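Trainee: Dropping in start.cif, which is mmCIF, C-alpha atoms:
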```
data_my_file
loop_
_atom_site.label_atom_id
_atom_site.label_comp_id
_atom_site.auth_asym_id
_atom_site.auth_seq_id
_atom_site.Cartn_x
_atom_site.Cartn_y
_atom_site.Cartn_z
CA MET P 1 0.00 0.00 0.00
CA THR P 2 2.20 3.44 -2.28
CA ASP P 3 1.65 7.34 -2.71
CA GLU P 4 3.13 8.99 -5.78
CA PRO P 5 6.17 10.61 -4.13
CA ILE P 6 7.25 7.32 -2.53
CA ASP P 7 6.98 4.89 -5.36
CA ALA P 8 9.99 2.65 -4.66
CA ALA P 9 10.42 2.41 -0.96
CA ARG P 10 6.77 2.82 -0.39
CA ARG P 11 3.83 2.14 0.23
CA ALA P 12 5.10 3.58 -0.84
CA THR P 13 3.63 2.99 0.69
CA THR P 14 3.74 4.27 0.52
CA LEU P 15 3.15 3.75 0.37
CA GLY P 16 1.17 5.59 -2.69
CA LEU P 17 3.11 5.31 -2.15
CA GLY P 18 3.86 3.40 -2.73
CA LEU P 19 10.03 4.88 -4.61
CA SER P 20 11.03 3.31 -7.94
CA ALA P 21 12.05 6.78 -9.03
CA LEU P 22 14.42 6.88 -6.05
CA ALA P 23 16.12 3.56 -6.66
CA PHE P 24 19.65 4.44 -7.45
CA ALA P 25 23.54 5.26 -3.91
CA ALA P 26 22.92 3.60 -0.69
CA PRO P 27 21.59 5.86 2.09
CA PRO P 28 23.09 5.86 5.57
CA ILE P 29 21.88 3.03 7.80
CA VAL P 30 19.81 4.20 10.75
CA HIS P 31 19.54 1.83 13.72
CA ALA P 32 16.01 2.13 15.07
CA GLN P 33 15.42 1.29 18.73
CA ASN P 34 12.86 -1.44 19.35
CA SER P 35 10.36 -0.29 21.95
CA ALA P 36 9.55 -3.77 23.29
CA GLY P 37 11.59 -6.96 23.13
CA ASP P 38 14.36 -8.39 21.00
CA ALA P 39 14.64 -7.19 17.38
CA ALA P 40 14.71 -10.78 16.05
CA ASP P 41 11.52 -11.61 17.96
CA LEU P 42 9.89 -8.46 16.65
CA LEU P 43 10.79 -9.33 13.06
CA ARG P 44 9.43 -12.86 13.52
CA ASP P 45 6.09 -11.54 14.81
CA PHE P 46 5.94 -8.91 12.10
CA LEU P 47 6.47 -11.53 9.38
CA ARG P 48 3.87 -13.86 10.91
CA LEU P 49 1.30 -11.11 10.47
CA ARG P 50 2.59 -9.81 7.15
CA THR P 51 3.14 -13.07 5.24
CA ALA P 52 1.92 -16.60 4.54
CA PRO P 53 3.45 -19.53 6.50
CA GLY P 54 4.84 -21.25 3.40
CA GLY P 55 6.53 -18.15 2.07
CA GLU P 56 4.15 -17.79 -0.86
CA ALA P 57 2.84 -14.40 -1.95
CA VAL P 58 -0.18 -12.88 -0.23
CA MET P 59 -2.68 -10.36 -1.55
CA TRP P 60 -3.73 -7.22 0.29
CA ARG P 61 -7.05 -5.61 -0.59
CA TYR P 62 -7.37 -2.02 0.58
CA ALA P 63 -9.48 1.11 0.29
CA GLY P 64 -9.51 4.55 1.80
CA ILE P 65 -9.44 8.26 1.17
CA LEU P 66 -6.99 10.97 0.11
CA VAL P 67 -7.04 14.08 2.30
CA GLY P 68 -5.31 17.39 1.52
CA LYS P 69 -4.18 20.01 4.03
CA PRO P 70 -2.49 23.15 2.65
CA GLU P 71 -0.83 25.28 5.29
CA GLY P 72 -3.31 27.75 6.76
CA GLU P 73 -6.38 25.94 5.39
CA MET P 74 -8.73 23.30 6.73
CA ALA P 75 -8.11 19.73 5.64
CA ARG P 76 -10.62 18.22 3.24
CA PRO P 77 -11.15 14.85 1.54
CA LEU P 78 -10.20 14.86 -2.13
CA THR P 79 -10.72 11.36 -3.55
CA ARG P 80 -11.39 7.80 -2.53
CA ILE P 81 -8.62 5.21 -3.04
CA GLU P 82 -9.09 1.60 -4.17
CA GLY P 83 -6.21 -0.82 -4.60
CA VAL P 84 -4.65 -4.27 -4.54
CA SER P 85 -1.11 -5.28 -3.67
CA TYR P 86 0.93 -8.50 -3.62
CA THR P 87 3.78 -9.02 -1.18
CA GLN P 88 6.30 -11.78 -0.60
CA ALA P 89 9.21 -12.38 1.79
CA ALA P 90 12.39 -14.34 1.11
CA PRO P 91 14.64 -15.06 4.16
CA ARG P 92 18.41 -14.83 3.69
CA THR P 93 21.05 -16.97 5.37
CA ASP P 94 22.26 -13.99 7.43
CA GLY P 95 18.85 -13.63 9.12
CA SER P 96 17.72 -10.65 7.06
CA VAL P 97 14.68 -10.82 4.80
CA ASP P 98 14.25 -9.64 1.21
CA TRP P 99 10.85 -8.09 0.68
CA GLN P 100 9.02 -7.23 -2.49
CA LEU P 101 5.70 -5.58 -3.13
CA GLU P 102 3.79 -4.60 -6.24
CA GLU P 103 0.53 -2.73 -6.18
CA VAL P 104 -2.06 -1.05 -8.35
CA GLY P 105 -4.28 1.72 -7.03
CA TYR P 106 -6.85 4.21 -8.24
CA TYR P 107 -7.97 7.65 -7.12
CA CYS P 108 -11.76 7.56 -7.27
CA ASP P 109 -14.71 9.92 -7.10
CA LEU P 110 -15.86 10.64 -3.54
CA GLU P 111 -19.50 10.03 -4.44
CA ASN P 112 -19.62 7.14 -6.91
CA GLY P 113 -16.32 5.45 -5.98
CA ARG P 114 -15.14 4.99 -9.57
CA PRO P 115 -11.70 5.96 -10.95
CA LEU P 116 -11.32 9.59 -11.99
CA ASP P 117 -9.83 10.73 -15.27
CA ARG P 118 -9.81 14.39 -14.30
CA PHE P 119 -10.22 16.08 -10.93
CA ALA P 120 -11.38 19.57 -9.98
CA ASN P 121 -8.84 20.54 -7.30
CA PRO P 122 -10.79 22.52 -4.68
CA PHE P 123 -7.64 24.19 -3.37
CA THR P 124 -6.50 25.64 -6.71
CA GLN P 125 -9.79 25.66 -8.67
CA ALA P 126 -7.89 23.98 -11.52
CA THR P 127 -9.00 20.79 -13.25
CA VAL P 128 -6.09 18.33 -13.42
CA ARG P 129 -5.43 14.95 -15.01
CA VAL P 130 -5.36 12.17 -12.41
CA ALA P 131 -2.35 9.84 -12.29
CA HIS P 132 -3.29 6.43 -10.90
CA TYR P 133 -0.40 4.24 -9.78
CA ARG P 134 1.37 0.94 -10.21
CA SER P 135 4.17 0.86 -7.66
CA PRO P 136 6.92 -1.74 -7.22
CA GLN P 137 8.96 -1.87 -4.04
CA LYS P 138 11.94 -3.88 -2.84
CA LEU P 139 13.17 -3.60 0.74
CA ARG P 140 15.34 -5.54 3.15
CA PHE P 141 14.35 -6.19 6.76
CA ILE P 142 17.28 -6.52 9.18
CA GLY P 143 15.98 -7.01 12.70
CA ASN P 144 13.79 -3.98 13.27
CA ARG P 145 15.58 -1.94 10.63
CA ILE P 146 14.31 -1.45 7.07
CA GLU P 147 16.65 -0.62 4.20
CA PRO P 148 15.98 -0.07 0.50
CA ALA P 149 17.13 -3.07 -1.52
CA GLN P 150 18.42 -0.77 -4.25
CA ALA P 151 20.74 2.21 -4.13
CA MET P 152 19.12 5.63 -4.03
CA PRO P 153 20.04 8.96 -5.62
CA PRO P 154 22.55 11.25 -3.89
CA GLY P 155 20.90 13.54 -1.39
CA VAL P 156 17.90 11.31 -0.67
CA GLU P 157 17.49 10.56 3.04
CA PHE P 158 15.77 7.31 4.01
CA ARG P 159 14.92 5.87 7.40
CA GLY P 160 12.87 2.72 7.95
CA GLU P 161 11.90 0.86 11.10
CA ILE P 162 9.61 -1.82 12.50
CA ARG P 163 8.15 -1.27 15.97
CA ARG P 164 5.70 -2.79 18.39
CA LEU P 165 3.03 -0.14 18.61
CA ALA P 166 0.74 -1.61 21.25
CA ALA P 167 -1.04 -4.63 22.67
CA VAL P 168 -4.61 -3.74 23.61
CA ALA P 169 -7.55 -5.96 24.60
CA GLY P 170 -5.97 -9.08 23.14
CA ARG P 171 -4.93 -7.38 19.91
CA VAL P 172 -1.35 -6.64 18.89
CA ALA P 173 -0.18 -3.93 16.51
CA VAL P 174 3.22 -3.66 14.82
CA THR P 175 4.33 -0.90 12.50
CA GLU P 176 6.30 -0.57 9.27
CA ASP P 177 7.36 3.07 8.98
CA LEU P 178 9.31 4.66 6.13
CA TYR P 179 10.55 8.27 6.18
CA VAL P 180 11.98 9.83 3.03
CA ARG P 181 13.29 13.30 2.20
CA MET P 182 14.01 14.13 -1.45
CA PRO P 183 16.22 17.16 -2.12
CA ALA P 184 15.21 20.15 -4.20
CA VAL P 185 15.91 19.88 -7.92
CA PRO P 186 17.03 22.95 -9.90
CA ALA P 187 15.27 23.93 -13.10
CA THR P 188 16.63 22.85 -16.48
CA GLU P 189 15.71 23.82 -20.01
CA THR P 190 13.13 21.05 -20.12
CA ARG P 191 12.03 20.73 -16.48
CA PRO P 192 10.87 23.25 -13.86
CA ALA P 193 12.53 23.42 -10.45
CA ARG P 194 11.16 21.16 -7.73
CA ALA P 195 11.16 22.02 -4.04
CA VAL P 196 12.23 19.60 -1.31
CA ARG P 197 9.68 16.79 -1.02
CA TYR P 198 8.78 14.49 1.85
CA ALA P 199 7.20 11.03 1.82
CA ASN P 200 6.33 9.43 5.16
CA SER P 201 4.62 6.04 5.00
CA LEU P 202 3.15 4.74 8.29
CA ALA P 203 1.60 1.26 8.16
CA THR P 204 0.15 -0.56 11.18
CA PHE P 205 -0.60 -4.31 11.10
CA HIS P 206 -3.16 -5.70 13.55
CA GLY P 207 -3.76 -9.27 14.67
CA ALA P 208 -4.86 -11.37 17.63
CA GLU P 209 -2.11 -11.55 20.25
CA ARG P 210 -2.83 -15.23 20.94
CA ASP P 211 -2.26 -16.08 17.25
CA LEU P 212 1.44 -15.27 17.53
CA SER P 213 1.93 -18.33 19.78
CA ARG P 214 0.29 -20.69 17.27
CA PRO P 215 2.45 -23.07 15.16
CA ALA P 216 4.43 -21.45 12.36
CA ARG P 217 2.49 -23.46 9.75
CA VAL P 218 -0.79 -21.69 10.65
CA TRP P 219 -2.05 -18.80 8.50
CA LEU P 220 -2.62 -15.73 10.69
CA PRO P 221 -5.37 -13.25 9.79
CA CYS P 222 -4.16 -9.66 9.67
CA GLU P 223 -5.66 -6.26 8.95
CA PHE P 224 -3.78 -3.06 8.38
CA SER P 225 -4.26 0.67 8.57
CA TYR P 226 -2.08 3.06 6.67
CA THR P 227 -1.50 6.77 6.65
CA THR P 228 0.98 9.13 5.03
CA LEU P 229 2.36 12.61 5.69
CA ASN P 230 3.53 13.50 2.20
CA SER P 231 4.17 16.44 -0.03
CA PHE P 232 1.33 16.90 -2.50
CA ALA P 233 1.29 14.41 -5.38
CA SER P 234 2.57 15.96 -8.61
CA TRP P 235 -0.71 15.33 -10.46
CA LEU P 236 -2.52 17.70 -8.05
CA GLU P 237 -0.39 20.49 -9.56
CA MET P 238 0.32 22.05 -6.18
CA ASP P 239 4.11 22.30 -6.46
CA GLY P 240 5.35 25.00 -4.12
CA VAL P 241 2.21 24.90 -1.95
CA ALA P 242 3.11 24.31 1.71
CA GLY P 243 1.12 21.55 3.38
CA VAL P 244 0.63 17.78 3.40
CA GLN P 245 -1.55 15.09 1.91
CA ASP P 246 -2.65 11.97 3.77
CA MET P 247 -3.63 8.62 2.30
CA ARG P 248 -5.91 7.18 5.00
CA ILE P 249 -6.34 3.50 4.15
CA THR P 250 -7.59 0.28 5.69
CA GLY P 251 -7.16 -3.23 4.32
CA ALA P 252 -6.79 -6.94 4.97
CA LYS P 253 -4.44 -9.80 4.12
CA CYS P 254 -5.99 -12.30 1.71
CA ARG P 255 -4.90 -15.49 0.02
CA VAL P 256 -3.88 -14.93 -3.58
CA ASP P 257 -6.86 -16.93 -4.90
CA GLN P 258 -9.43 -14.83 -2.99
CA ARG P 259 -10.42 -12.87 -6.10
CA GLU P 260 -13.90 -12.35 -4.62
CA THR P 261 -12.44 -9.77 -2.24
CA ILE P 262 -11.85 -7.48 -5.25
CA PRO P 263 -15.01 -5.82 -6.64
CA ALA P 264 -15.84 -6.84 -10.19
CA TRP P 265 -15.39 -3.32 -11.53
CA LEU P 266 -11.91 -3.12 -10.01
CA ARG P 267 -10.88 -6.52 -11.39
CA GLU P 268 -12.03 -5.40 -14.84
CA ARG P 269 -10.21 -2.08 -14.65
CA ILE P 270 -6.95 -3.66 -13.46
CA ALA P 271 -7.16 -6.32 -16.20
CA LEU P 272 -7.61 -3.56 -18.76
CA ASP P 273 -4.85 -1.26 -17.49
CA HIS P 274 -2.37 -3.89 -16.22
CA PRO P 275 -2.83 -7.23 -17.99
CA GLY P 276 -1.31 -10.08 -16.01
CA PHE P 277 -1.14 -8.19 -12.71
CA LEU P 278 -3.92 -10.12 -10.97
CA ARG P 279 -2.80 -13.58 -9.93
#
```
Will you turn the file into structure tokens for me?
Mentor:
Amino acid sequence: MTDEPIDAARRATTLGLGLSALAFAAPPIVHAQNSAGDAADLLRDFLRLRTAPGGEAVMWRYAGILVGKPEGEMARPLTRIEGVSYTQAAPRTDGSVDWQLEEVGYYCDLENGRPLDRFANPFTQATVRVAHYRSPQKLRFIGNRIEPAQAMPPGVEFRGEIRRLAAVAGRVAVTEDLYVRMPAVPATETRPARAVRYANSLATFHGAERDLSRPARVWLPCEFSYTTLNSFASWLEMDGVAGVQDMRITGAKCRVDQRETIPAWLRERIALDHPGFLR
């Protein structure tokens, strides 16, 4: 689950968003402090919730809303979001885990819930062309630290961490948080200048606390919530406007063959736009 400014380290996810455009010199490693327990135990619990017991891919079905908040103005919902992602983990002999994600998502009308072609931006009064997304992501989990699996451009700052957020009323929540700062880009003859941009992807995975003590072969149900604190997506045509956008999303882990969790209209649109994506 990836936002336009964060397309390769996401869910980018951005998340929306979910960083392929950033995938080029390795950033500095940041050692995140685990708030509860050993980092290896935390990674094990995180993967139990995030993956399938046999290591096969899982599907995540999600939906939510895009909210805009220019500085000095009230926040307001802009579009709905509908999407599907596939994720898979591959353990390495050194104890780290290679992680890959690919997702497709659509910005949809607030009223009818269908993908938009054009959008009347209420903050600028301009009508803009909507850019839906297909976002790949490759990461590496090392204990409670997250690193991009590919080198990134000079000047990009990246920090990723897994944490135990809380255990409440028999439910446990762990987080996958990515923080990215992209430097300003000067103007060229063919491209306007771009200000510093930020992409912060905050995903929380929820499950039953008792499930984490079940045998490793058992599939664990998991839901997630996801939010971002990002610079405005380029397609909104708000470059230079101070403020943030938030992708507020909820979703659930599904088996790859659970096609019924995807509405028929969304299956048809994905098949049209991205043949072969749905498994």
Trainee: Rounded to one decimal, what separation in Å do you get between atom CA of P:Leu43 and atom CA of P:Arg145?
Mentor: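 Computing it gives 9.1 Å between the two atoms.
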Trainee: Identify all residues satisfying the PyMOL selection byres ((chain P and resi 83-98) around 8) in the given file; provide them as a VMD selection string.
Mentor: chain P and resid 1 51 55 to 63 81 to 82 99 to 106 138 to 143 149 262
Trainee: Would you put the residues from that selection into a file with C-alpha atoms, as a PDB file, keeping the file's coordinate frame?
Mentor:
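Result written to again19.pdb:
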```pdb
ATOM      1  CA  MET P   1       0.000   0.000   0.000  1.00  0.00           C
ATOM      2  CA  THR P  51       3.140 -13.070   5.240  1.00  0.00           C
ATOM      3  CA  GLY P  55       6.530 -18.150   2.070  1.00  0.00           C
ATOM      4  CA  GLU P  56       4.150 -17.790  -0.860  1.00  0.00           C
ATOM      5  CA  ALA P  57       2.840 -14.400  -1.950  1.00  0.00           C
ATOM      6  CA  VAL P  58      -0.180 -12.880  -0.230  1.00  0.00           C
ATOM      7  CA  MET P  59      -2.680 -10.360  -1.550  1.00  0.00           C
ATOM      8  CA  TRP P  60      -3.730  -7.220   0.290  1.00  0.00           C
ATOM      9  CA  ARG P  61      -7.050  -5.610  -0.590  1.00  0.00           C
ATOM     10  CA  TYR P  62      -7.370  -2.020   0.580  1.00  0.00           C
ATOM     11  CA  ALA P  63      -9.480   1.110   0.290  1.00  0.00           C
ATOM     12  CA  ILE P  81      -8.620   5.210  -3.040  1.00  0.00           C
ATOM     13  CA  GLU P  82      -9.090   1.600  -4.170  1.00  0.00           C
ATOM     14  CA  TRP P  99      10.850  -8.090   0.680  1.00  0.00           C
ATOM     15  CA  GLN P 100       9.020  -7.230  -2.490  1.00  0.00           C
ATOM     16  CA  LEU P 101       5.700  -5.580  -3.130  1.00  0.00           C
ATOM     17  CA  GLU P 102       3.790  -4.600  -6.240  1.00  0.00           C
ATOM     18  CA  GLU P 103       0.530  -2.730  -6.180  1.00  0.00           C
ATOM     19  CA  VAL P 104      -2.060  -1.050  -8.350  1.00  0.00           C
ATOM     20  CA  GLY P 105      -4.280   1.720  -7.030  1.00  0.00           C
ATOM     21  CA  TYR P 106      -6.850   4.210  -8.240  1.00  0.00           C
ATOM     22  CA  LYS P 138      11.940  -3.880  -2.840  1.00  0.00           C
ATOM     23  CA  LEU P 139      13.170  -3.600   0.740  1.00  0.00           C
ATOM     24  CA  ARG P 140      15.340  -5.540   3.150  1.00  0.00           C
ATOM     25  CA  PHE P 141      14.350  -6.190   6.760  1.00  0.00           C
ATOM     26  CA  ILE P 142      17.280  -6.520   9.180  1.00  0.00           C
ATOM     27  CA  GLY P 143      15.980  -7.010  12.700  1.00  0.00           C
ATOM     28  CA  ALA P 149      17.130  -3.070  -1.520  1.00  0.00           C
ATOM     29  CA  ILE P 262     -11.850  -7.480  -5.250  1.00  0.00           C
TER      30      ILE P 262
END
```
Trainee: As lines of an AutoDock Vina configuration file, please: the centre and edge lengths in Å, to one decimal, of an axis-aligned box enclosing every listed atom of stretch 209-219 of chain P with 4 Å added on each side.
Mentor:
```
center_x = 0.8
center_y = -17.5
center_z = 14.7
size_x = 15.3
size_y = 19.9
size_z = 20.4
```
Trainee: Please, what distance in Å, to one decimal, runs between atom CA of P:Glu223 and atom CA of P:Lys69?
Mentor: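 Separating atom CA of P:Glu223 from atom CA of P:Lys69 is a distance of 26.8 Å.
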Trainee: P:Ala120: which residues within 12 Å, counting all atoms listed in the file, same-chain residues fewer than 4 positions away excluded, as JSON, numbers by chain?
Mentor: {"P": [78, 79, 109, 110, 116, 124, 125, 126, 127, 128, 129, 130, 235, 236, 237]}
Trainee: I'd like to see the residues matched by the PyMOL selection byres ((chain P and resi 155) around 6) on this file, and ideally I'd get them as a list in words.
Mentor: Pro154, Val156 and Pro183 of chain P
Trainee: With distances taken over only C-alpha atoms, which of P:Leu49, P:Ala199, P:Ala271, P:Ile146 is nearest to P:Gln245?
Mentor: P:Ala199
Trainee: Got a sec to resolve the PyMOL selection byres ((chain P and resi 170) around 8) on this structure and send the residues as a JSON list (two decimals) with C-alpha atoms, in the coordinates of the input?
Mentor:
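Wrote out23.json, looks like this:
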```json
[["chain", "number", "residue", "atom", "x", "y", "z"],
["P", 167, "ALA", "CA", -1.04, -4.63, 22.67],
["P", 168, "VAL", "CA", -4.61, -3.74, 23.61],
["P", 169, "ALA", "CA", -7.55, -5.96, 24.60],
["P", 171, "ARG", "CA", -4.93, -7.38, 19.91],
["P", 172, "VAL", "CA", -1.35, -6.64, 18.89],
["P", 208, "ALA", "CA", -4.86, -11.37, 17.63],
["P", 209, "GLU", "CA", -2.11, -11.55, 20.25],
["P", 210, "ARG", "CA", -2.83, -15.23, 20.94]]
```
Trainee: Skip P:Arg80 itself and residues of its chain fewer than 3 positions away, then list as a list in words all residues within 6 Å of it, counting only C-alpha atoms.
Mentor: Gly64, Ile65, Tyr107, Cys108 and Leu110 of chain P
Trainee: Name the closest residue to P:Arg248 among the candidates P:Leu66, P:Val180, P:Ile270, P:Ala187; distances are taken between atoms, counting all atoms listed in the file.
Mentor: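 Counting all atoms listed in the file, the residue closest to P:Arg248 is P:Leu66.
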Trainee: With all atoms listed in the file counted and 7 Å as the cut-off, give the residues of stretch 141-208 of chain P in contact with stretch 226-230 of chain P, each with its shortest interatomic distance in Å and the pair that gives it, as a Markdown table.
Mentor:
```
| residue | atom | partner | partner_atom | distance |
| --- | --- | --- | --- | --- |
| P:Tyr198 | CA | P:Asn230 | CA | 5.4 |
| P:Ala199 | CA | P:Asn230 | CA | 4.4 |
| P:Asn200 | CA | P:Leu229 | CA | 5.1 |
| P:Ser201 | CA | P:Thr228 | CA | 4.8 |
| P:Leu202 | CA | P:Thr227 | CA | 5.3 |
| P:Ala203 | CA | P:Tyr226 | CA | 4.4 |
| P:Thr204 | CA | P:Tyr226 | CA | 6.2 |
```
Trainee: For stretch 191-194 of chain P, work out the shell of residues within 9 Å, counting only C-alpha atoms and skipping chain neighbours fewer than 6 positions away, then give it as a ChimeraX atom specification.
Mentor: /P:183-185,239-240
Trainee: How far is it from atom CA of P:Ala166 to atom CA of P:Arg217, in Å with one decimal?
Mentor: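 These two atoms are separated by 24.8 Å.
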